[in-house]
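Participant: Sharing upload.cif (mmCIF, C-alpha atoms and all ligand atoms) below.
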```
data_my_file
#
loop_
_atom_site.label_atom_id
_atom_site.label_comp_id
_atom_site.auth_asym_id
_atom_site.auth_seq_id
_atom_site.Cartn_x
_atom_site.Cartn_y
_atom_site.Cartn_z
CA MET A 99 71.00 -57.19 -131.38
CA GLN A 100 71.51 -56.45 -127.72
CA PRO A 101 70.91 -52.77 -126.87
CA LEU A 102 73.99 -50.88 -125.69
CA LEU A 103 72.03 -49.38 -122.84
CA GLU A 104 69.11 -50.94 -121.08
CA LEU A 105 67.21 -49.55 -118.11
CA THR A 106 64.58 -51.70 -116.43
CA GLY A 107 62.15 -50.49 -113.78
CA LEU A 108 64.59 -47.97 -112.30
CA THR A 109 63.10 -46.49 -109.16
CA LYS A 110 64.37 -44.07 -106.51
CA ARG A 111 62.63 -42.55 -103.55
CA PHE A 112 63.99 -39.71 -101.39
CA GLY A 113 61.87 -39.70 -98.25
CA SER A 114 58.38 -38.92 -99.41
CA ILE A 115 59.47 -37.96 -102.94
CA LEU A 116 59.25 -40.65 -105.58
CA ALA A 117 61.97 -39.11 -107.78
CA VAL A 118 62.16 -41.89 -110.39
CA ASP A 119 59.27 -44.27 -110.86
CA ARG A 120 59.86 -47.50 -112.81
CA VAL A 121 61.78 -45.93 -115.69
CA GLY A 122 62.69 -48.38 -118.41
CA PHE A 123 63.96 -48.06 -121.96
CA ALA A 124 66.61 -49.49 -124.24
CA VAL A 125 68.99 -47.58 -126.48
CA ALA A 126 70.57 -49.16 -129.55
CA ARG A 127 73.89 -48.29 -131.17
CA GLY A 128 73.46 -45.15 -133.26
CA GLU A 129 70.63 -43.69 -131.23
CA VAL A 130 70.86 -40.27 -129.60
CA VAL A 131 68.11 -39.98 -127.03
CA GLY A 132 66.97 -36.59 -125.78
CA PHE A 133 65.98 -37.01 -122.14
CA LEU A 134 63.51 -34.24 -121.43
CA GLY A 135 61.38 -33.11 -118.57
CA PRO A 136 60.71 -30.11 -116.35
CA ASN A 137 62.84 -29.25 -113.31
CA GLY A 138 62.57 -32.00 -110.74
CA ALA A 139 61.23 -34.57 -113.21
CA GLY A 140 63.91 -37.07 -112.19
CA LYS A 141 66.33 -36.87 -115.12
CA THR A 142 69.48 -36.37 -113.07
CA THR A 143 68.45 -39.00 -110.55
CA ALA A 144 67.82 -41.55 -113.31
CA MET A 145 71.14 -40.71 -114.96
CA ARG A 146 73.09 -40.97 -111.70
CA MET A 147 71.63 -44.42 -111.07
CA THR A 148 72.42 -45.47 -114.63
CA ALA A 149 76.02 -44.33 -114.24
CA GLY A 150 76.49 -46.13 -110.93
CA PHE A 151 76.68 -43.05 -108.71
CA LEU A 152 73.45 -43.67 -106.86
CA PRO A 153 72.08 -47.08 -105.91
CA PRO A 154 68.55 -47.67 -107.20
CA ASP A 155 65.79 -48.75 -104.81
CA ALA A 156 64.58 -51.08 -107.52
CA GLY A 157 65.33 -51.89 -111.13
CA SER A 158 68.59 -52.11 -113.01
CA ALA A 159 70.76 -50.55 -115.68
CA ARG A 160 72.96 -52.49 -118.10
CA ILE A 161 75.77 -50.87 -120.06
CA ALA A 162 76.81 -52.95 -123.08
CA GLY A 163 75.35 -55.94 -121.27
CA PHE A 164 77.05 -55.29 -117.90
CA ASP A 165 74.97 -54.56 -114.83
CA ILE A 166 75.97 -51.24 -113.31
CA VAL A 167 75.55 -52.52 -109.74
CA ASP A 168 76.84 -56.10 -110.03
CA GLU A 169 79.50 -55.49 -112.69
CA THR A 170 80.32 -51.86 -112.01
CA ARG A 171 83.88 -51.83 -113.36
CA ALA A 172 83.07 -53.51 -116.64
CA ALA A 173 79.98 -51.33 -117.08
CA GLN A 174 81.76 -48.06 -116.25
CA ALA A 175 84.64 -48.93 -118.58
CA ARG A 176 82.15 -48.68 -121.45
CA LEU A 177 80.45 -45.59 -120.14
CA GLY A 178 81.14 -41.88 -120.29
CA TYR A 179 79.16 -39.82 -117.82
CA LEU A 180 78.91 -36.06 -117.58
CA ALA A 181 77.37 -35.09 -114.27
CA GLU A 182 75.08 -32.11 -113.92
CA GLY A 183 76.83 -28.82 -113.18
CA ALA A 184 80.56 -28.28 -112.87
CA PRO A 185 83.08 -31.12 -112.63
CA SER A 186 84.82 -31.66 -109.33
CA TYR A 187 88.63 -31.55 -108.97
CA GLY A 188 88.44 -27.75 -109.16
CA ASP A 189 92.04 -27.22 -108.10
CA MET A 190 93.36 -29.39 -110.95
CA THR A 191 94.11 -27.96 -114.37
CA PRO A 192 92.35 -29.48 -117.40
CA ASP A 193 95.72 -30.88 -118.44
CA ALA A 194 96.16 -32.67 -115.11
CA LEU A 195 92.54 -33.86 -115.07
CA LEU A 196 92.80 -35.39 -118.54
CA GLY A 197 96.06 -37.09 -117.55
CA PHE A 198 94.42 -38.42 -114.40
CA VAL A 199 91.37 -39.69 -116.31
CA ALA A 200 93.60 -41.37 -118.89
CA ARG A 201 95.42 -43.26 -116.11
CA VAL A 202 92.19 -44.22 -114.31
CA ARG A 203 90.79 -45.44 -117.61
CA GLY A 204 93.96 -47.42 -118.24
CA LEU A 205 94.77 -45.87 -121.62
CA ASP A 206 98.27 -46.65 -122.86
CA GLY A 207 100.63 -43.75 -123.51
CA ALA A 208 100.10 -43.49 -127.27
CA THR A 209 96.31 -43.82 -127.04
CA ALA A 210 96.17 -41.31 -124.20
CA ARG A 211 98.16 -38.75 -126.22
CA ARG A 212 96.06 -39.26 -129.33
CA ARG A 213 92.71 -39.08 -127.53
CA ARG A 214 93.82 -36.13 -125.44
CA GLY A 215 94.80 -34.26 -128.60
CA GLU A 216 91.44 -35.07 -130.15
CA VAL A 217 89.27 -33.94 -127.25
CA VAL A 218 91.34 -30.80 -126.60
CA ASP A 219 90.91 -29.93 -130.23
CA ARG A 220 87.21 -30.79 -130.45
CA LEU A 221 86.31 -28.86 -127.33
CA SER A 222 88.72 -25.96 -127.99
CA LEU A 223 90.51 -26.37 -124.68
CA ALA A 224 94.06 -25.58 -125.78
CA ARG A 225 94.26 -22.13 -124.27
CA VAL A 226 92.93 -23.11 -120.82
CA LEU A 227 94.85 -26.34 -120.33
CA ASP A 228 97.04 -24.95 -117.55
CA GLN A 229 94.48 -22.90 -115.67
CA PRO A 230 92.89 -24.37 -112.50
CA ILE A 231 89.41 -25.64 -113.38
CA GLU A 232 87.74 -23.66 -110.59
CA THR A 233 88.98 -20.42 -112.16
CA LEU A 234 87.50 -21.23 -115.58
CA SER A 235 84.27 -19.76 -116.87
CA LYS A 236 81.16 -21.93 -116.61
CA GLY A 237 81.19 -22.87 -120.27
CA PHE A 238 84.85 -23.90 -120.18
CA ARG A 239 84.27 -25.98 -117.04
CA ARG A 240 81.46 -27.73 -118.88
CA ARG A 241 83.72 -28.42 -121.84
CA VAL A 242 86.42 -29.83 -119.59
CA GLY A 243 83.84 -32.16 -118.03
CA LEU A 244 82.73 -33.29 -121.44
CA ALA A 245 86.31 -33.87 -122.58
CA ALA A 246 86.92 -36.04 -119.50
CA ALA A 247 83.70 -38.00 -120.13
CA ILE A 248 84.55 -38.92 -123.72
CA LEU A 249 88.34 -39.31 -123.35
CA HIS A 250 88.29 -43.12 -123.32
CA ASP A 251 85.94 -43.18 -126.32
CA PRO A 252 83.17 -45.11 -124.54
CA GLU A 253 80.33 -46.82 -126.36
CA VAL A 254 77.66 -45.39 -124.10
CA LEU A 255 77.40 -41.71 -123.17
CA ILE A 256 75.14 -40.33 -120.46
CA LEU A 257 75.35 -36.56 -120.56
CA ASP A 258 73.41 -34.45 -118.10
CA GLU A 259 72.79 -31.09 -119.78
CA PRO A 260 76.00 -31.11 -121.83
CA THR A 261 75.39 -27.72 -123.43
CA ASP A 262 74.24 -25.91 -120.29
CA GLY A 263 76.12 -22.63 -120.00
CA LEU A 264 77.84 -22.86 -123.38
CA ASP A 265 77.79 -19.94 -125.78
CA PRO A 266 75.94 -20.44 -129.09
CA ASN A 267 79.11 -21.30 -130.99
CA GLN A 268 80.12 -23.93 -128.48
CA LYS A 269 76.60 -25.32 -128.32
CA HIS A 270 76.84 -25.80 -132.05
CA GLU A 271 80.30 -27.38 -131.74
CA VAL A 272 79.15 -29.81 -129.08
CA ARG A 273 76.06 -30.79 -131.08
CA THR A 274 78.21 -31.38 -134.13
CA LEU A 275 80.60 -33.47 -132.05
CA LEU A 276 77.74 -35.58 -130.68
CA SER A 277 76.26 -36.09 -134.13
CA GLU A 278 79.64 -37.14 -135.49
CA ILE A 279 80.41 -39.66 -132.79
CA ALA A 280 76.85 -40.96 -132.55
CA GLY A 281 77.10 -43.64 -135.24
CA GLY A 282 78.93 -46.16 -133.13
CA LYS A 283 77.48 -45.27 -129.74
CA ALA A 284 74.35 -45.05 -127.66
CA ILE A 285 73.93 -41.55 -126.28
CA VAL A 286 71.47 -40.10 -123.79
CA ILE A 287 71.49 -36.34 -123.24
CA SER A 288 69.26 -34.43 -120.89
CA THR A 289 68.43 -30.95 -122.00
CA HIS A 290 65.98 -28.13 -121.56
CA ILE A 291 66.71 -26.85 -125.06
CA LEU A 292 64.12 -28.34 -127.34
CA GLU A 293 65.87 -27.21 -130.50
CA GLU A 294 68.70 -29.47 -129.40
CA VAL A 295 66.34 -32.41 -129.76
CA ASP A 296 65.79 -31.49 -133.40
CA ALA A 297 69.47 -30.81 -133.94
CA VAL A 298 70.95 -34.03 -132.55
CA CYS A 299 68.40 -36.49 -131.24
CA THR A 300 66.96 -39.45 -133.07
CA ARG A 301 64.47 -40.04 -130.30
CA ALA A 302 62.94 -38.16 -127.39
CA ILE A 303 61.95 -39.50 -124.00
CA VAL A 304 59.92 -37.16 -121.82
CA LEU A 305 59.88 -37.59 -118.07
CA ALA A 306 57.37 -35.97 -115.71
CA GLY A 307 56.97 -36.71 -112.04
CA GLY A 308 59.55 -39.50 -112.30
CA ARG A 309 57.69 -41.35 -115.04
CA ILE A 310 58.11 -41.65 -118.77
CA VAL A 311 55.20 -39.84 -120.42
CA ALA A 312 56.45 -40.02 -124.02
CA ASP A 313 58.99 -42.02 -125.99
CA ALA A 314 58.87 -41.11 -129.66
CA LEU A 315 60.67 -39.74 -132.67
CA PRO A 316 60.92 -35.94 -132.54
CA ALA A 317 58.73 -35.75 -135.65
CA GLU A 318 56.08 -37.94 -134.01
CA LEU A 319 56.06 -35.70 -130.97
CA ARG A 320 55.62 -32.65 -133.13
CA GLN A 321 52.56 -34.24 -134.70
CA GLN A 322 50.90 -33.97 -131.31
CA ALA A 323 51.26 -30.17 -131.33
CA PRO A 324 47.91 -28.38 -131.47
CA ASN A 325 48.98 -26.40 -134.53
CA HIS A 326 50.57 -29.28 -136.44
CA ASN A 327 49.74 -28.92 -140.15
CA ARG A 328 47.56 -25.87 -139.63
CA VAL A 329 47.26 -23.87 -142.84
CA THR A 330 46.84 -20.10 -142.96
CA VAL A 331 45.88 -18.19 -146.08
CA ALA A 332 45.63 -14.45 -146.75
CA LEU A 333 43.02 -13.20 -149.19
CA ASP A 334 40.87 -10.29 -150.19
CA ALA A 335 37.91 -9.98 -147.78
CA ASP A 336 35.51 -10.00 -150.76
CA HIS A 337 36.36 -13.69 -151.36
CA ARG A 338 35.91 -14.73 -147.74
CA ASP A 339 32.52 -16.43 -147.99
CA ARG A 340 33.44 -18.37 -151.13
CA LEU A 341 36.62 -19.73 -149.64
CA ILE A 342 35.04 -20.63 -146.31
CA ALA A 343 32.32 -22.57 -148.14
CA ALA A 344 34.94 -24.39 -150.20
CA LEU A 345 37.00 -25.23 -147.11
CA ARG A 346 33.97 -26.43 -145.17
CA ALA A 347 33.32 -28.91 -147.94
CA LEU A 348 36.71 -30.55 -147.35
CA PRO A 349 36.65 -33.72 -145.26
CA ASN A 350 39.73 -33.14 -143.09
CA ILE A 351 39.14 -29.68 -141.68
CA ALA A 352 38.18 -29.45 -138.00
CA ASP A 353 37.62 -25.69 -137.80
CA ILE A 354 38.45 -22.39 -139.43
CA ALA A 355 39.59 -19.32 -137.53
CA GLU A 356 39.52 -15.84 -138.95
CA ALA A 357 41.63 -12.74 -138.42
CA HIS A 358 41.28 -9.37 -140.08
CA ALA A 359 44.36 -7.72 -141.45
CA ARG A 360 44.74 -4.20 -142.75
CA ASP A 361 43.95 -3.25 -146.38
CA GLY A 362 40.65 -5.12 -146.48
CA ARG A 363 42.44 -8.46 -146.36
CA ILE A 364 41.71 -11.31 -144.01
CA ARG A 365 43.50 -14.41 -142.87
CA LEU A 366 41.84 -17.75 -142.46
CA THR A 367 43.48 -20.53 -140.48
CA ALA A 368 42.27 -24.07 -141.09
CA ARG A 369 43.02 -26.67 -138.43
CA PRO A 370 43.05 -30.25 -139.69
CA VAL A 371 41.35 -33.23 -138.13
CA ARG A 372 43.95 -35.32 -136.21
CA GLY A 373 46.90 -33.44 -137.70
CA ALA A 374 46.05 -34.48 -141.28
CA GLU A 375 48.03 -32.97 -144.16
CA ILE A 376 45.70 -30.39 -145.77
CA LEU A 377 47.97 -27.95 -147.58
CA GLY A 378 47.32 -29.41 -151.03
CA ALA A 379 43.58 -29.68 -150.44
CA VAL A 380 43.33 -26.05 -149.28
CA ARG A 381 45.24 -24.89 -152.34
CA ALA A 382 43.03 -26.95 -154.66
CA ALA A 383 39.84 -25.72 -152.95
CA ALA A 384 40.91 -22.11 -153.45
CA ASP A 385 41.72 -22.82 -157.10
CA SER A 386 38.40 -24.39 -157.90
CA ALA A 387 36.51 -21.64 -156.03
CA GLU A 388 38.55 -19.14 -158.07
CA VAL A 389 39.82 -17.40 -154.97
CA PRO A 390 43.27 -15.89 -155.45
CA LEU A 391 45.46 -16.39 -152.37
CA ASP A 392 48.01 -13.71 -151.47
CA GLU A 393 49.81 -16.08 -149.17
CA ILE A 394 49.61 -19.65 -147.94
CA THR A 395 51.64 -21.06 -145.06
CA THR A 396 51.63 -24.23 -143.04
CA GLU A 397 52.91 -24.93 -139.53
CA HIS A 398 54.65 -28.05 -138.31
CA GLY A 399 53.97 -27.54 -134.64
CA ARG A 400 56.36 -26.64 -131.88
CA LEU A 401 57.97 -29.13 -129.55
CA ASP A 402 57.53 -26.59 -126.75
CA ASP A 403 53.77 -26.89 -127.02
CA VAL A 404 53.88 -30.67 -126.94
CA PHE A 405 56.34 -30.63 -124.05
CA ARG A 406 54.07 -28.32 -122.05
CA ARG A 407 51.04 -30.44 -122.72
CA LEU A 408 52.80 -33.68 -121.78
CA THR A 409 54.42 -32.38 -118.63
CA THR A 410 51.67 -30.27 -117.13
CA ALA A 411 49.00 -32.95 -117.49
CA ALA A 412 51.01 -35.47 -115.46
N1 LIG B 1 69.87 -36.27 -102.92
C1 LIG B 1 68.58 -35.96 -102.88
N2 LIG B 1 67.89 -35.89 -101.73
C2 LIG B 1 66.58 -35.58 -101.70
N3 LIG B 1 65.84 -35.32 -102.80
C3 LIG B 1 66.46 -35.36 -103.99
C4 LIG B 1 67.85 -35.67 -104.09
N4 LIG B 1 68.19 -35.64 -105.40
C5 LIG B 1 67.07 -35.31 -106.07
N5 LIG B 1 66.04 -35.15 -105.22
C6 LIG B 1 64.64 -34.84 -105.60
O1 LIG B 1 64.26 -35.74 -106.61
C7 LIG B 1 63.47 -35.09 -107.60
C8 LIG B 1 64.09 -35.25 -108.96
O2 LIG B 1 65.27 -34.45 -109.04
P1 LIG B 1 66.26 -34.48 -110.27
O3 LIG B 1 67.44 -33.68 -109.89
O4 LIG B 1 66.48 -35.88 -110.69
O5 LIG B 1 65.39 -33.72 -111.37
P2 LIG B 1 65.83 -33.23 -112.83
O6 LIG B 1 64.82 -33.75 -113.78
O7 LIG B 1 67.24 -33.53 -113.10
O8 LIG B 1 65.61 -31.65 -112.70
P3 LIG B 1 66.43 -30.42 -113.39
O9 LIG B 1 65.82 -30.21 -114.75
O10 LIG B 1 66.12 -29.25 -112.49
O11 LIG B 1 67.87 -30.76 -113.45
C9 LIG B 1 63.32 -33.65 -107.14
O12 LIG B 1 62.12 -33.53 -106.42
C10 LIG B 1 64.52 -33.47 -106.24
O13 LIG B 1 64.27 -32.49 -105.27
MG MG B 2 68.88 -32.41 -113.50
#
```
Step by step, read the file and then write its structure as structure tokens.
Ligand SMILES: Nc1ncnc2c1ncn2[C@@H]1O[C@H](COP(=O)(O)OP(=O)(O)OP(=O)(O)O)[C@@H](O)[C@H]1O
Ligand SMILES: [Mg+2]
Facilitator:
Amino acid sequence: MQPLLELTGLTKRFGSILAVDRVGFAVARGEVVGFLGPNGAGKTTAMRMTAGFLPPDAGSARIAGFDIVDETRAAQARLGYLAEGAPSYGDMTPDALLGFVARVRGLDGATARRRRGEVVDRLSLARVLDQPIETLSKGFRRRVGLAAAILHDPEVLILDEPTDGLDPNQKHEVRTLLSEIAGGKAIVISTHILEEVDAVCTRAIVLAGGRIVADALPAELRQQAPNHNRVTVALDADHRDRLIAALRALPNIADIAEAHARDGRIRLTARPVRGAEILGAVRAAADSAEVPLDEITTEHGRLDDVFRRLTTAA
């Protein structure tokens, strides 16, 4: 099946800065891609080119099969784009903006009313509909922008930091909205909030210095965390030597770190070889060495750690 969104070799240079360097990926219907990367990585530049707001120096973007440069109208008709920061048209009210967008998008009267009702409801805009956008709080301006981007129910959504500036409740609402509409669409969201990747994304693409440095499932990324599948146990210090000997005999343990707690107890942390699953083996080793464990915990690894490693090495 043809991907709904396809970027090929997208490249943009600003003077001496190579902002986007041969970025290419395809997004299928149903995928929600988290587009990650540190400040200045090139996310916004890549998204602007994809949405047809900035001509690429090289490469192309296709929306539902239509080239954004050669077939701009057909491509943009199938695309919703939320630009970074506040929407323009600050002197318009949300009500007027949504009416304007509905006309530009060519929605008929009944469809426009229905969709408008839906987005106003989903983004809780009812009470600010008649207030000029420039006088709204940052979070409300963001919501208005999002409402305008999804009004025509496009198949492809490119959202540049859609939850930036929203309060926790609205962040949750927007994530729920994206998850609910994701089934029939291809969605790319840039974000600095890594928990968002877990909450809504089926895939994560990490950009650094204009280049893609990772393209993986969130769970696969997490496996690259230094503490992925580390196991920590708490035990009476008297049993330390016995347990260490038993753990050393296991095949998948790279090293064992030790920390002393109060009350004559210690904690041992076993790090697996290549992120192997060792929880069961550690438990069994303690059992057969007859070492009672007060506590046993395992870690899955933090996306932050992986992100830092990927984006500071580049
Ligand atoms: N119009 C422009 N003129 C000159 N340089 C630009 C322009 N737009 C972006 N850049 C540069 O291109 C690089 C990529 O910027 P971009 O805004 O795409 O990064 P980003 O990943 O979106 O960062 P952030 O997380 O801060 O939003 C930066 O070095 C930026 O300064
Ligand atoms: Mg940006």
Participant: So which residues are near ligand LIG 1 (chain B), meaning at most 12 Å away with only C-alpha atoms and all ligand atoms counted, given back as a ChimeraX atom specification?
Facilitator: /A:109-119,133-148,151-153,181-183,257-260,262,287-291,304-310,409
Participant: Which one of A:Pro316, A:Ala387, A:Gln321, A:Ile364 sits closest to Arg340 in chain A if you count only C-alpha atoms?
Facilitator: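 Selected residue with least distance to Arg340 in chain A: A:Ala387.
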Participant: Show which residues sit within 12 Å of range 190-204 of chain A, as a ChimeraX atom specification. Count only C-alpha atoms, and ignore same-chain residues fewer than 2 positions away.
Facilitator: /A:171-172,174-178,185-188,206-218,221-234,238-252
Participant: Give me the residues near range 322-331 of chain A as number ranges by chain, where near means some atom within 9 Å (using only C-alpha atoms) and where sequence neighbours in that chain fewer than 5 positions away do not count.
Facilitator: A: 364-370, 372-377, 380, 391-405, 407
Participant: In Å, rounded to a single decimal, give me how far CA of Asp219 in chain A is from CA of Glu294 in chain A.
Facilitator: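 Result for CA of Glu294 in chain A versus CA of Asp219 in chain A: 22.2 Å, one decimal.
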Participant: Please determine, counting only C-alpha atoms, which residue among A:Asp313, A:Asp265, A:Asp353, A:Glu129 has the shortest atom-to-atom distance to Val286 in chain A.
Facilitator: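 Looking at the shortest contact to Val286 in chain A, the residue is A:Glu129.
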Participant: For the atom pair CA of Leu319 in chain A and CA of Phe123 in chain A, what is the interatomic distance in Å to one decimal place?
Facilitator: 17.2 Å
Participant: Name the residues, using the chain letters and numbers of the file, that sit within 12 Å of (32.0, -19.3, -151.3) when counting all atoms listed in the file, and give them as a PyMOL selection string.
Facilitator: chain A and resi 335-347+383-389
Participant: Please produce an output containing C-alpha atoms for each residue in the selection, written as an mmCIF file, keeping the file's coordinate frame.
Facilitator:
```cif
data_model
loop_
_atom_site.group_PDB
_atom_site.id
_atom_site.type_symbol
_atom_site.label_atom_id
_atom_site.label_comp_id
_atom_site.auth_asym_id
_atom_site.auth_seq_id
_atom_site.Cartn_x
_atom_site.Cartn_y
_atom_site.Cartn_z
ATOM 1 C CA ALA A 335 37.910 -9.980 -147.780
ATOM 2 C CA ASP A 336 35.510 -10.000 -150.760
ATOM 3 C CA HIS A 337 36.360 -13.690 -151.360
ATOM 4 C CA ARG A 338 35.910 -14.730 -147.740
ATOM 5 C CA ASP A 339 32.520 -16.430 -147.990
ATOM 6 C CA ARG A 340 33.440 -18.370 -151.130
ATOM 7 C CA LEU A 341 36.620 -19.730 -149.640
ATOM 8 C CA ILE A 342 35.040 -20.630 -146.310
ATOM 9 C CA ALA A 343 32.320 -22.570 -148.140
ATOM 10 C CA ALA A 344 34.940 -24.390 -150.200
ATOM 11 C CA LEU A 345 37.000 -25.230 -147.110
ATOM 12 C CA ARG A 346 33.970 -26.430 -145.170
ATOM 13 C CA ALA A 347 33.320 -28.910 -147.940
ATOM 14 C CA ALA A 383 39.840 -25.720 -152.950
ATOM 15 C CA ALA A 384 40.910 -22.110 -153.450
ATOM 16 C CA ASP A 385 41.720 -22.820 -157.100
ATOM 17 C CA SER A 386 38.400 -24.390 -157.900
ATOM 18 C CA ALA A 387 36.510 -21.640 -156.030
ATOM 19 C CA GLU A 388 38.550 -19.140 -158.070
ATOM 20 C CA VAL A 389 39.820 -17.400 -154.970
#
```
Participant: Return the single residue from A:Leu180, A:Ile285, A:Ala314, A:Asp165 that is closest to ligand MG 2 (chain B), with distances computed using all atoms listed in the file.
Facilitator: A:Leu180
Participant: As a list in words, please: the residues near Leu276 in chain A (cut-off 10 Å, only C-alpha atoms, same-chain neighbours under 2 positions excluded).
Facilitator: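 After dropping sequence-adjacent residues, the list is Val130, Leu255, His270, Glu271, Val272, Arg273, Thr274, Glu278, Ile279, Ala280, Gly281, Lys283, Ile285, Ile287, Val298 and Cys299 of chain A.
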Participant: Dump C-alpha atoms for the selected residues as a short mmCIF file (atom, residue, chain, number, x, y, z; two decimals), keeping the file's coordinate frame?
Facilitator:
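Result went into result33.cif, see below:
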```cif
data_model
loop_
_atom_site.label_atom_id
_atom_site.label_comp_id
_atom_site.auth_asym_id
_atom_site.auth_seq_id
_atom_site.Cartn_x
_atom_site.Cartn_y
_atom_site.Cartn_z
CA VAL A 130 70.86 -40.27 -129.60
CA LEU A 255 77.40 -41.71 -123.17
CA HIS A 270 76.84 -25.80 -132.05
CA GLU A 271 80.30 -27.38 -131.74
CA VAL A 272 79.15 -29.81 -129.08
CA ARG A 273 76.06 -30.79 -131.08
CA THR A 274 78.21 -31.38 -134.13
CA GLU A 278 79.64 -37.14 -135.49
CA ILE A 279 80.41 -39.66 -132.79
CA ALA A 280 76.85 -40.96 -132.55
CA GLY A 281 77.10 -43.64 -135.24
CA LYS A 283 77.48 -45.27 -129.74
CA ILE A 285 73.93 -41.55 -126.28
CA ILE A 287 71.49 -36.34 -123.24
CA VAL A 298 70.95 -34.03 -132.55
CA CYS A 299 68.40 -36.49 -131.24
#
```
Participant: Between CA of Pro154 in chain A and CA of Gly263 in chain A, measure the distance and give it in Å to one decimal.
Facilitator: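 Spanning CA of Pro154 in chain A to CA of Gly263 in chain A is a straight-line distance of 29.1 Å.
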Participant: Output, as AutoDock Vina command-line options, the centre and edge lengths in Å (one decimal) of the axis-aligned box that contains all listed atoms of range 241-252 of chain A with 8 Å of margin on each side.
Facilitator:
```
--center_x 85.5 --center_y -36.8 --center_z -122.2 --size_x 21.6 --size_y 32.7 --size_z 24.3
```
